[in-house]
Amino acid sequence: MPFNIVVLLKRVPDTESKITLREGAVVTEGLNFVLDPYGEYGLEKALQLVEQHGGKVTAVLFGSADAKETIRKALAVGADEAVHISDPALEGGDAAATAKVLAAALKKIPFDMIWAGKQAVDEDNAQVALRVAELLDLPHVNSVIEFNLEADGKAARCVREVDGERDVMTTTLPAIFTAQQGLGELRYPSLKGIMGAKKKPITDWDAAALGVAAATVGAAGAKIQQTKLEPPPARPPGKIIPGDAQTAAQELARLLHEEAKVI
Amino acid sequence: MSNNILIIAEGRAEGLKKVSYELVNMAQTLAAALGGAVEGAVVGSNVGAWAETLAKTGVTKVYVADDKGLEHFAPESYTTALAAVINAAQPAIVLFGATGWGKEVSARVAARLDWGLATDCTAAQIENGALVLTRPVYAGKAIAHVQAKSFPVMVSMRPNLVPPAEADKSAAPLQTVAVTLAAPRAQVVEAMVKEKSKVDLGEANVVISGGRGVKGPEGFAPLNELADTLNAAIGASRAAVDAGWIDYSHQIGQTGKTVAPKLYIAAGISGAIQHLAGMSSSKVIVAINKDPDAPIFKIADYGIVADLFDVIPALNAALKAQAN
Ligand SMILES: Cc1cc2nc3c(=O)[nH]c(=O)nc-3n(C[C@H](O)[C@H](O)[C@H](O)COP(=O)(O)OP(=O)(O)OC[C@H]3O[C@@H](n4cnc5c(N)ncnc54)[C@H](O)[C@@H]3O)c2cc1C
C-alpha cells in the first residue's frame, strides 16, 4: 500500500563548521549550510519506504528565504516535492512557536506518517517534532534506530534508543517518528537527481497561507527568548606530561589526584 | 499559579536517578529567590518507594501518580500523568532532568499545556524576577542565554551540574494524583536488555573514550579495565562506532551524547570538532595520543604522547597503587 510521508527538515550549519559570533549573532557568511543530519536519516527512511511500497515523500522545511538551496538537496536525493515555509513574521520563534507553524502546515498536507530528526544540530532543542505530535494528537516514537511496518501497513514496530538503552515500541499509524543516527546509511545525490530536483515542485507558504494567529508564532509567540549568544568559556592551556608511557602514566595518576583533584 | 518549583523525578529499577536529587538542590536555589517551596513529583507504576525517598530530600510535598497503565513507557500516558501532577501542583517552574526520558516527556507535556520549555540547560537563576538560563547550542560551540518571558515555564537541566540532595530529612507528605489513562497508541512492548556499560554515560563522573586508535573491538578491553577501577562509563568516537567496534549508544559528540564529567579521558581520538562538541565542557580532559599534533591536545588539561596500549594499563596500575 502506498504511503504519503512528510519529512520535517531544517537548514543548519555543517557540523564541521566553526561557529563565530559577531554582536551576539552567528556569522553566517562563509558557513556551509546542510540538511540537519538527523532529519536526513528520517528522509532516507521515508525514501526507502516509498521505494518499497509506493507513495510520495514531501519534504517540509521551515526556514528563511535562502533555504531553497537546502530544500533542493532533499529533492535531489529523491523527495518528490517540497513545501518551504518562510515569512519574516514567522521568524524568531522558540520551539513552541515553531511547532505551531509546522502543525498548521501539516493540517494542509495529507500524510500517513511523519519523519523528523530527533533534534536539529543548531539549537539542539529536541522538542519541535514531539510538540507537533501533541498538537496534532498523533502518537510518536522518539529516537528510532530500526523501523519495520506491520504486515497490515497500519502500524509500525520500532527499536528506539534512549540513554544508552533500547526498547521496542509499537505504534499505530499515522504517527510521528524521530530519527536517530544508526537508522540507515545515507544516500548521496546522483547527477541525474540533482538535475531532476530543479524540476520538482516547491510550494511556498507564508503566515497567511497557514492561517496561524500572529500572536502565537514568531518572536511574538515565543515563550523562551534568547537574550545573548556567547562563545563557550576558553579552557586554560594544558600540559603535556613528559617521559615514556610508564613514567607519564604514573605522573598523570598523581596529577589527577593531587592537582586536579578529580579522583 | 504558585511561586513553587516542581521537580519531576526519574527512576529506574535500582531507584531514583542521581539527577533527581540534583534537581532538588537546583530548585532550592530558585525557590529561595522566588519565595516559593520545592515540591517533587513521581510518575510511574509501583513507584511508592521512589516517592518515599524523594520525600526525604527536603521537598515540602511529593505528588504521586502511580498507575498500572504507566508500567511500560507510553508517551501519551506519561504526558497525561505529568499534566495531571503539574495541574495539581500549579508550580511556577517545572524542572526535568535533561535525560532522554526527561527531554522526551517534557516536550510533549509542554505542548499539551502550551508552556515554554528550555531544554538541556546548564545554569538557571532568577534575575529581576525572571527565570534566566544558559544552554549550549551548536553542540556547545556557543552558549545561549535565554529567558522565560513569563511563568509558568518548564526547563530540563543537564545532569552533573550540582551535588545531589541527600535523602536524610524528615519525610514530606505524599499527595496521590488520580489519572485517567486512555489506551496508548504508541508504547514500549519490550525492553531490550543489552550490553550496557554498568555506569550511565550521562551521569558518570568519569568517562573513558576510545577512538580509531583502539584499533578494534578488543582494543576497548584495557579501557574497560580502567573503567572498573575508576567506576567510569565508556564512550567512543564516531570512527570507532562506525567501524562497528562499539555500539553507538556510546558515541560522544555532536551526533552522539553530550557529557560533562569531572574527568574525560580520550584515548586514540584525534579531536575532530564534532567529537569536541560532546565533551569539551568536561571539568578535566586527558588526551592520550601517539600524534603530538592531534587537535585533542589543544583542549586537554593533561596530555600524554604515547601508545594508548602502553599508557592505559600503566595508568590503571598506578591508580590502583595510589588507592592502596
Ligand atoms: C555530520 C557529522 C557528525 C559527526 N558526529 C560525530 C560525533 O558525534 N562524534 C564523533 O566522535 N565524531 C563525529 N563525526 C566524525 C568526526 O568528524 C571524526 O571523523 C571522528 O570523530 C574521528 O574519530 P577518531 O578521532 O576516533 O578517529 P581519527 O580521526 O582517525 O583519529 C584517531 C587518532 O588515534 C590516534 N592513534 C592511533 N593509534 C593510536 C595508539 N595506538 N595510541 C594512541 N593514539 C593512537 C591517531 O594519532 C589519531 O589521532 C561526525 C562527522 C560528521 C560529518
# chains A, B, ... in the order shown; residues from 1 in each chain; ligands from 1

$ residues_around --residues "A:Glu16" --least-positions-apart "4" --cutoff "9 Å" --atoms "only C-alpha atoms" --output "list in words"
Asn32 of chain A; Ala272, Ile273 and Gln274 of chain B

$ residues_near_ligand --ligand "ligand 1" --cutoff "8 Å" --atoms "only C-alpha atoms and all ligand atoms" --output "ChimeraX atom specification"
/A:14-16,37 /B:210-215,236-240,251-257,267-278,288-292,294-296,305-309

$ interface_residues --of "chain A" --to "chain B" --cutoff "7 Å" --atoms "only C-alpha atoms" --output "number ranges by chain"
A: 15-16, 19, 96, 121-125, 127, 130-131, 134-135, 139-141, 162-164, 166-172, 223-232, 235, 237-241, 245-246, 248-250, 253, 262

$ residues_around --residues "A:Ala219" --least-positions-apart "4" --cutoff "9 Å" --atoms "only C-alpha atoms" --output "compact mmCIF listing (two decimals) with C-alpha atoms, in the first residue's frame"
# COMPACT_ATOMS: atom_id res chain seq x y z
CA ALA A 89 6.62 37.25 10.56
CA LEU A 90 7.31 33.63 11.50
CA GLU A 91 10.96 34.17 12.41
CA GLY A 92 12.40 34.47 15.89
CA GLY A 93 10.15 31.86 17.41
CA ASP A 94 11.06 29.25 20.02
CA ALA A 97 6.08 28.75 18.17
CA ALA A 215 0.44 36.29 18.47
CA LYS A 223 7.77 31.86 25.34
CA GLN A 225 13.55 34.32 24.35

$ select_by_dssp --residues "stretch 60-244 of chain B" --states "strand (DSSP E or B)" --output "ChimeraX atom specification"
/B:61-66,93-97,116-121,123-127,130-137,142-148,153-157,174-176,186-192,206-210,233-236

$ closest_residue --among "B:Val179, B:Val207, B:Val162, B:Leu16" --to "B:Glu52" --atoms "only C-alpha atoms"
B:Leu16

$ residues_around --residues "A:Asp204" --least-positions-apart "6" --cutoff "7 Å" --atoms "only C-alpha atoms" --output "ChimeraX atom specification"
/A:83-85

$ closest_residue --among "A:Pro13, A:Gly78, A:Gly24, A:Pro174" --to "A:Gly153" --atoms "only C-alpha atoms"
A:Pro174

$ select_by_dssp --residues "stretch 87-307 of chain B" --states "helix (DSSP H, G or I)" --output "ChimeraX atom specification"
/B:87-89,100-113,138-140,212-214,217-230,238-242,248-250,273-279,296-299

$ residues_around --residues "stretch 169-171 of chain B" --least-positions-apart "4" --cutoff "10 Å" --atoms "only C-alpha atoms" --output "list in words"
Ala51, Glu52, Thr53, Leu54, Ala55, Lys56, Thr57, Gly58, Val59, Thr60, Lys61, Val62 and Ala165 of chain B

$ write_last_selection --atoms "all heavy atoms" --output "JSON list (two decimals), in the first residue's frame"
[["chain", "number", "residue", "atom", "x", "y", "z"],
["B", 51, "ALA", "N", 8.79, 7.60, 45.67],
["B", 51, "ALA", "CA", 8.12, 8.76, 46.28],
["B", 51, "ALA", "C", 8.60, 8.95, 47.71],
["B", 51, "ALA", "O", 8.87, 10.08, 48.15],
["B", 51, "ALA", "CB", 6.62, 8.56, 46.23],
["B", 52, "GLU", "N", 8.74, 7.83, 48.45],
["B", 52, "GLU", "CA", 9.17, 7.94, 49.85],
["B", 52, "GLU", "C", 10.60, 8.46, 49.96],
["B", 52, "GLU", "O", 10.91, 9.23, 50.86],
["B", 52, "GLU", "CB", 9.02, 6.60, 50.55],
["B", 52, "GLU", "CG", 7.58, 6.38, 50.98],
["B", 52, "GLU", "CD", 7.27, 4.96, 51.36],
["B", 52, "GLU", "OE1", 8.19, 4.26, 51.85],
["B", 52, "GLU", "OE2", 6.11, 4.55, 51.15],
["B", 53, "THR", "N", 11.44, 8.04, 49.03],
["B", 53, "THR", "CA", 12.82, 8.54, 49.04],
["B", 53, "THR", "C", 12.84, 10.03, 48.72],
["B", 53, "THR", "O", 13.48, 10.83, 49.40],
["B", 53, "THR", "CB", 13.68, 7.79, 48.00],
["B", 53, "THR", "OG1", 13.48, 6.40, 48.18],
["B", 53, "THR", "CG2", 15.14, 8.11, 48.14],
["B", 54, "LEU", "N", 12.11, 10.39, 47.67],
["B", 54, "LEU", "CA", 12.09, 11.80, 47.26],
["B", 54, "LEU", "C", 11.57, 12.69, 48.39],
["B", 54, "LEU", "O", 12.05, 13.80, 48.60],
["B", 54, "LEU", "CB", 11.22, 11.96, 46.00],
["B", 54, "LEU", "CG", 11.21, 13.35, 45.37],
["B", 54, "LEU", "CD1", 12.60, 13.73, 44.88],
["B", 54, "LEU", "CD2", 10.22, 13.41, 44.21],
["B", 55, "ALA", "N", 10.61, 12.16, 49.15],
["B", 55, "ALA", "CA", 10.00, 12.93, 50.24],
["B", 55, "ALA", "C", 11.01, 13.32, 51.31],
["B", 55, "ALA", "O", 10.79, 14.24, 52.08],
["B", 55, "ALA", "CB", 8.85, 12.13, 50.87],
["B", 56, "LYS", "N", 12.15, 12.59, 51.36],
["B", 56, "LYS", "CA", 13.15, 12.87, 52.41],
["B", 56, "LYS", "C", 14.27, 13.79, 51.95],
["B", 56, "LYS", "O", 15.24, 14.02, 52.65],
["B", 56, "LYS", "CB", 13.77, 11.54, 52.88],
["B", 56, "LYS", "CG", 12.77, 10.67, 53.61],
["B", 56, "LYS", "CD", 13.50, 9.53, 54.30],
["B", 56, "LYS", "CE", 12.54, 8.40, 54.62],
["B", 56, "LYS", "NZ", 13.05, 7.11, 54.15],
["B", 57, "THR", "N", 14.15, 14.34, 50.73],
["B", 57, "THR", "CA", 15.26, 15.14, 50.21],
["B", 57, "THR", "C", 15.15, 16.62, 50.56],
["B", 57, "THR", "O", 15.99, 17.42, 50.15],
["B", 57, "THR", "CB", 15.31, 15.03, 48.67],
["B", 57, "THR", "OG1", 14.04, 15.42, 48.16],
["B", 57, "THR", "CG2", 15.65, 13.63, 48.21],
["B", 58, "GLY", "N", 14.09, 16.99, 51.27],
["B", 58, "GLY", "CA", 13.93, 18.40, 51.61],
["B", 58, "GLY", "C", 12.79, 19.07, 50.86],
["B", 58, "GLY", "O", 12.53, 20.26, 51.06],
["B", 59, "VAL", "N", 12.10, 18.33, 50.01],
["B", 59, "VAL", "CA", 10.93, 18.89, 49.34],
["B", 59, "VAL", "C", 9.79, 19.00, 50.35],
["B", 59, "VAL", "O", 9.81, 18.34, 51.39],
["B", 59, "VAL", "CB", 10.48, 18.02, 48.13],
["B", 59, "VAL", "CG1", 11.57, 17.95, 47.08],
["B", 59, "VAL", "CG2", 10.09, 16.62, 48.59],
["B", 60, "THR", "N", 8.81, 19.87, 50.07],
["B", 60, "THR", "CA", 7.74, 20.04, 51.05],
["B", 60, "THR", "C", 6.54, 19.14, 50.77],
["B", 60, "THR", "O", 5.65, 19.00, 51.61],
["B", 60, "THR", "CB", 7.25, 21.50, 51.09],
["B", 60, "THR", "OG1", 6.86, 21.87, 49.76],
["B", 60, "THR", "CG2", 8.36, 22.44, 51.57],
["B", 61, "LYS", "N", 6.52, 18.56, 49.58],
["B", 61, "LYS", "CA", 5.40, 17.66, 49.24],
["B", 61, "LYS", "C", 5.82, 16.84, 48.02],
["B", 61, "LYS", "O", 6.62, 17.30, 47.20],
["B", 61, "LYS", "CB", 4.17, 18.50, 48.87],
["B", 61, "LYS", "CG", 2.87, 17.68, 48.77],
["B", 61, "LYS", "CD", 1.77, 18.47, 48.12],
["B", 61, "LYS", "CE", 0.98, 19.29, 49.14],
["B", 61, "LYS", "NZ", -0.20, 19.91, 48.51],
["B", 62, "VAL", "N", 5.29, 15.62, 47.93],
["B", 62, "VAL", "CA", 5.55, 14.82, 46.74],
["B", 62, "VAL", "C", 4.21, 14.39, 46.12],
["B", 62, "VAL", "O", 3.38, 13.77, 46.80],
["B", 62, "VAL", "CB", 6.40, 13.57, 47.06],
["B", 62, "VAL", "CG1", 6.55, 12.69, 45.81],
["B", 62, "VAL", "CG2", 7.78, 13.98, 47.58],
["B", 165, "ALA", "N", 21.02, 16.29, 46.34],
["B", 165, "ALA", "CA", 20.50, 16.47, 47.70],
["B", 165, "ALA", "C", 20.50, 15.11, 48.40],
["B", 165, "ALA", "O", 20.33, 14.08, 47.76],
["B", 165, "ALA", "CB", 19.08, 17.03, 47.64]]
